[in-house]
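Presented below is the structure to which this report refers.
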Amino acid sequence: MRKVLFFFIFVVSITAIAAQRIATDSIYSANIKTVILGKQGVEMSLPIIQLGSNEKLMLRFDELGDNSNYYRYRIDHCTHDWQISDISASDYMNGFEDGAIDNQQFSFTTIEHYTNYWQTIPNDISSFAASGNYLLTVYLQSDPDSIVFTRRFKVYEPMTTVEASVGKVQGSMGLMENQNLSVKVNPLEGNYFINPDTYIFVYAEQNGRKDLTRLLPLESMSGNTLNYRWKKENVFPGGNEFRFFDFSNLQFPMNNIWKIEYFGGENIVFLKPDEDRSRKPYSLDIGLNGQYKIAVANAQNPNTEADYAWVNFSLPQELPFLDGNIYIIGDFTNWQMNDQSRMEWNQSMKAYTARLFLKQGYYAYQLLFLPAGSTVGETSRLEGNHFQTLNDYYIYVYQRN
């Protein structure tokens with residue numbers, strides 16, 4: 001069983017009581033689409049850079065329509081559990097914590113007109129003075145209260161070594177359906193941990209799912225080694241390989257595309273109907289684990305030459321579920337189960353349906369079932385759970401001074 005594991009250490013110095021404001025990945029304007037924040041020069045990368053290095057973040061987003069605006073950004077430091085910190089900007093930034101988004105370009109030869117904006121962070125006017133969680137807020141230059149979207153990112157310091165493994169669970173906790181994550185954390189030579197129960201926080205995240213991010217409890221300490229294992233928080237549902245579709249070519253249907261139409265001045269893409277995979281055997285499929293890549297056939301710059309289309313999803317179902325809802329989950333829906341990602345029951349079609357306005361490219365997704373009253377989506381209802389699934393696990397270690 002192959003797993004991709006990434007390990008990072010962050011030192012979060014909190015000198016004041018955190019304000020009760022939670023940082024989230026959110027879009028507040030209907031005209032803002034395809035917000036991408038990642039490491040510059042690395043496609044489909046996490047928004048994580050190393051403190052004091054030459055690494056930069058690249059922010060890109062589109063504004064639909066023929067008119068462009070001037071935007072600014074602000075950077076706020078956050079606690080390990082994503083509350084906005086009360087510490088001064090001078091404690092976490094060298095230079096300015098806000099700045100203008102300097103670059104923009106109109107779309108070229110597209111049916112849907114839009115402006116593509118981009119900005120690197122840090123840049124000539126600022127750099128980071130502390131590691132930790134951060135929130136990037138983008139707003140209209142003419143009105144600082146007009147926030148159009150927010151994005152979370154991280155700045156890390158390599159202060160530990162982390163060992164991790166993923167295997168089958170033991171006992172009666174779902175031998176064939178679940179995965180057991182074991183983590184060991186060691187400080188680098190010359191360092192040591194003091195009161196790890198109070199000052200060390202270890203989080204594990206499966207793929208990009210915020211609802212499957214766990215704070216792991218410390219199981220034991222052997223010398224200077226912290227062991228996080230054998231607890232219920234370490235057991236994750238295996239899930240299934242991600243579904244995918246590719247509409248980088250709007251002239252010919254490609255992977256999992258049923259048909260493409262042009263109607264009423266818009267591109268319309270119909271995906272092949274999804275199926276309930278919960279009772280099907282596991283099938284290996286190495287994919288993007290919920291990520292997406294903007295791409296367009298026979299074009300040099302997909303940032304400005306990729307077009308937009310209404311992408312239609314469907315899941316045939318004889319009767320609707322009465323105990324919860326179905327959501328389309330992936331990086332392109334911000335890994336969130338909300339009104340935008342929810343599928344609706346269509347009585348005449350005997351199916352759950354949804355449509356999303358997306359930019360040309362390759363997309364990976366899953367269908368999660370969210371039981372009524374729960375905040376954690378289930379893969380068991382429609383995707384199935386398999387211990388063999390090639391999930392990505394990200395381990396984040398925070399130290400609070």
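In the structure tokens, the first chain shown is A, the next is B, and so on; residue numbers restart at 1 for each chain, and ligands run from 1 in the order shown.
Every protein, DNA or RNA residue with an atom at most 8 Å from Leu367 of chain A, where only C-alpha atoms count and chain neighbours fewer than 3 positions away do not, is listed here: Ile326, Tyr327, Ile328, Ile329, Thr379, Leu382 and Glu383 of chain A.
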How close does segment 142-161 of chain A get to segment 190-213 of chain A? List, as a Markdown table, each residue of segment 142-161 of chain A within 12 Å, its nearest atom pair and the distance in Å to one decimal, counting only C-alpha atoms.
```
| residue | atom | partner | partner_atom | distance |
| --- | --- | --- | --- | --- |
| A:Arg152 | CA | A:Lys210 | CA | 11.6 |
| A:Pro158 | CA | A:Asn191 | CA | 11.9 |
| A:Met159 | CA | A:Asn191 | CA | 8.3 |
| A:Thr160 | CA | A:Asn191 | CA | 8.8 |
| A:Thr161 | CA | A:Asn191 | CA | 11.5 |
```
Write the residues of the preceding selection, restricted to N, CA and C atoms, as a PDB file, in the first residue's frame.
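Done, and the output landed in result.pdb:
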```pdb
ATOM      1  N   ARG A 152      -6.550  30.339   3.340  1.00  0.00           N
ATOM      2  CA  ARG A 152      -5.634  29.963   4.401  1.00  0.00           C
ATOM      3  C   ARG A 152      -4.316  29.445   3.806  1.00  0.00           C
ATOM      4  N   PRO A 158      11.622  23.892   9.761  1.00  0.00           N
ATOM      5  CA  PRO A 158      12.021  22.484   9.921  1.00  0.00           C
ATOM      6  C   PRO A 158      12.730  22.279  11.255  1.00  0.00           C
ATOM      7  N   MET A 159      11.956  22.006  12.301  1.00  0.00           N
ATOM      8  CA  MET A 159      12.511  21.881  13.647  1.00  0.00           C
ATOM      9  C   MET A 159      12.373  20.479  14.225  1.00  0.00           C
ATOM     10  N   THR A 160      11.767  19.562  13.474  1.00  0.00           N
ATOM     11  CA  THR A 160      11.624  18.187  13.941  1.00  0.00           C
ATOM     12  C   THR A 160      11.852  17.236  12.775  1.00  0.00           C
ATOM     13  N   THR A 161      11.942  15.967  13.116  1.00  0.00           N
ATOM     14  CA  THR A 161      11.764  14.906  12.129  1.00  0.00           C
ATOM     15  C   THR A 161      10.455  14.207  12.466  1.00  0.00           C
TER      16      THR A 161
END
```
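By chain and then residue number, the residues within 8 Å of Phe153 of chain A are Pro47, Ile48, Asn133, Tyr134, Leu135, Leu136, Arg151 and Val155 of chain A, counting only C-alpha atoms and disregarding those fewer than 2 positions away in sequence.
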Next, the residues of the selection above should be written as a PDB file, in the first residue's frame with C-alpha atoms.
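The new file out23.pdb reads:
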```
ATOM      1  CA  PRO A  47      -0.117  26.730   0.063  1.00  0.00           C
ATOM      2  CA  ILE A  48       2.898  26.126   2.310  1.00  0.00           C
ATOM      3  CA  ASN A 133      -1.057  29.578  10.184  1.00  0.00           C
ATOM      4  CA  TYR A 134      -2.076  32.606   8.119  1.00  0.00           C
ATOM      5  CA  LEU A 135      -5.170  34.020   6.471  1.00  0.00           C
ATOM      6  CA  LEU A 136      -5.011  35.945   3.188  1.00  0.00           C
ATOM      7  CA  ARG A 151      -7.586  31.810   1.723  1.00  0.00           C
ATOM      8  CA  VAL A 155       4.626  29.089   6.901  1.00  0.00           C
TER       9      VAL A 155
END
```
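Each of A:Gly361, A:Gly239, A:Gly373, A:Pro320 was checked against Ala297 of chain A using only C-alpha atoms; the smallest atom-to-atom distance is that of A:Gly361.
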Determine, counting only C-alpha atoms, which protein, DNA and RNA residues have an atom within 6 Å of an atom of Asp331 of chain A; residues of the same chain fewer than 2 positions away are not included. Present the result as JSON, numbers by chain.
{"A": [290, 291, 333, 334, 335]}
Can you tell me, as a list in words, what residues are no more than 10 Å from Asn94 of chain A when counting only C-alpha atoms, ignoring any on the same chain fewer than 6 positions away?
Pro122, Ile125, Ser126, Ser127, Phe128, Ala129 and Ala130 of chain A
Keeping only N, CA, C and O atoms, write the selected residues as a JSON list (two decimals), in the first residue's frame.
```
[["chain", "number", "residue", "atom", "x", "y", "z"],
["A", 122, "PRO", "N", 5.70, 36.06, -0.25],
["A", 122, "PRO", "CA", 6.10, 37.45, 0.02],
["A", 122, "PRO", "C", 6.67, 38.11, -1.23],
["A", 122, "PRO", "O", 6.91, 37.45, -2.24],
["A", 125, "ILE", "N", 7.78, 44.23, -0.73],
["A", 125, "ILE", "CA", 7.35, 45.11, 0.37],
["A", 125, "ILE", "C", 7.17, 44.36, 1.70],
["A", 125, "ILE", "O", 6.94, 44.98, 2.72],
["A", 126, "SER", "N", 7.27, 43.01, 1.67],
["A", 126, "SER", "CA", 7.04, 42.29, 2.91],
["A", 126, "SER", "C", 7.63, 40.90, 2.86],
["A", 126, "SER", "O", 7.83, 40.32, 1.79],
["A", 127, "SER", "N", 7.90, 40.35, 4.06],
["A", 127, "SER", "CA", 8.30, 38.95, 4.22],
["A", 127, "SER", "C", 7.83, 38.50, 5.59],
["A", 127, "SER", "O", 7.42, 39.32, 6.43],
["A", 128, "PHE", "N", 7.91, 37.20, 5.85],
["A", 128, "PHE", "CA", 7.39, 36.66, 7.10],
["A", 128, "PHE", "C", 8.46, 36.62, 8.17],
["A", 128, "PHE", "O", 9.60, 36.24, 7.92],
["A", 129, "ALA", "N", 8.07, 37.01, 9.38],
["A", 129, "ALA", "CA", 8.99, 36.99, 10.52],
["A", 129, "ALA", "C", 8.72, 35.83, 11.46],
["A", 129, "ALA", "O", 9.53, 35.56, 12.34],
["A", 130, "ALA", "N", 7.60, 35.14, 11.28],
["A", 130, "ALA", "CA", 7.24, 34.03, 12.16],
["A", 130, "ALA", "C", 6.54, 32.95, 11.35],
["A", 130, "ALA", "O", 5.85, 33.23, 10.36]]
```
For the alpha helix (DSSP H) assignment from backbone DSSP, which residues of segment 126-370 of chain A qualify? Please present them as a PyMOL selection string.
chain A and resi 196-199+302-305
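Proximity to Asp124 of chain A at 10 Å, evaluated using only C-alpha atoms and with sequence-adjacent residues fewer than 4 positions away removed, yields Gly95, Phe96 and Thr120 of chain A.
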Could you save the residues just selected, with C-alpha atoms, as a PDB file, in the first residue's frame?
```
ATOM      1  CA  GLY A  95       7.437  45.223   6.178  1.00  0.00           C
ATOM      2  CA  PHE A  96       3.747  45.571   5.401  1.00  0.00           C
ATOM      3  CA  THR A 120       3.359  36.611  -5.400  1.00  0.00           C
TER       4      THR A 120
END
```
Name all residues at most 12 Å from Val166 of chain A (count only C-alpha atoms; drop same-chain ones fewer than 5 positions away) and give them as a PyMOL selection string.
chain A and resi 1-5+178-183+204+206+229-230+234-238+387-394
Among segment 97-163 of chain A, which ones does DSSP assign to strand (DSSP E) (computed from the backbone)? Answer as a ChimeraX atom specification.
/A:98-100,103-106,114-121,126-128,132-140,143-156,160-163
Interatomic distance between atom CA of Ala30 of chain A and atom CA of Tyr365 of chain A?
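Atom CA of Tyr365 of chain A lies 21.7 Å from atom CA of Ala30 of chain A.
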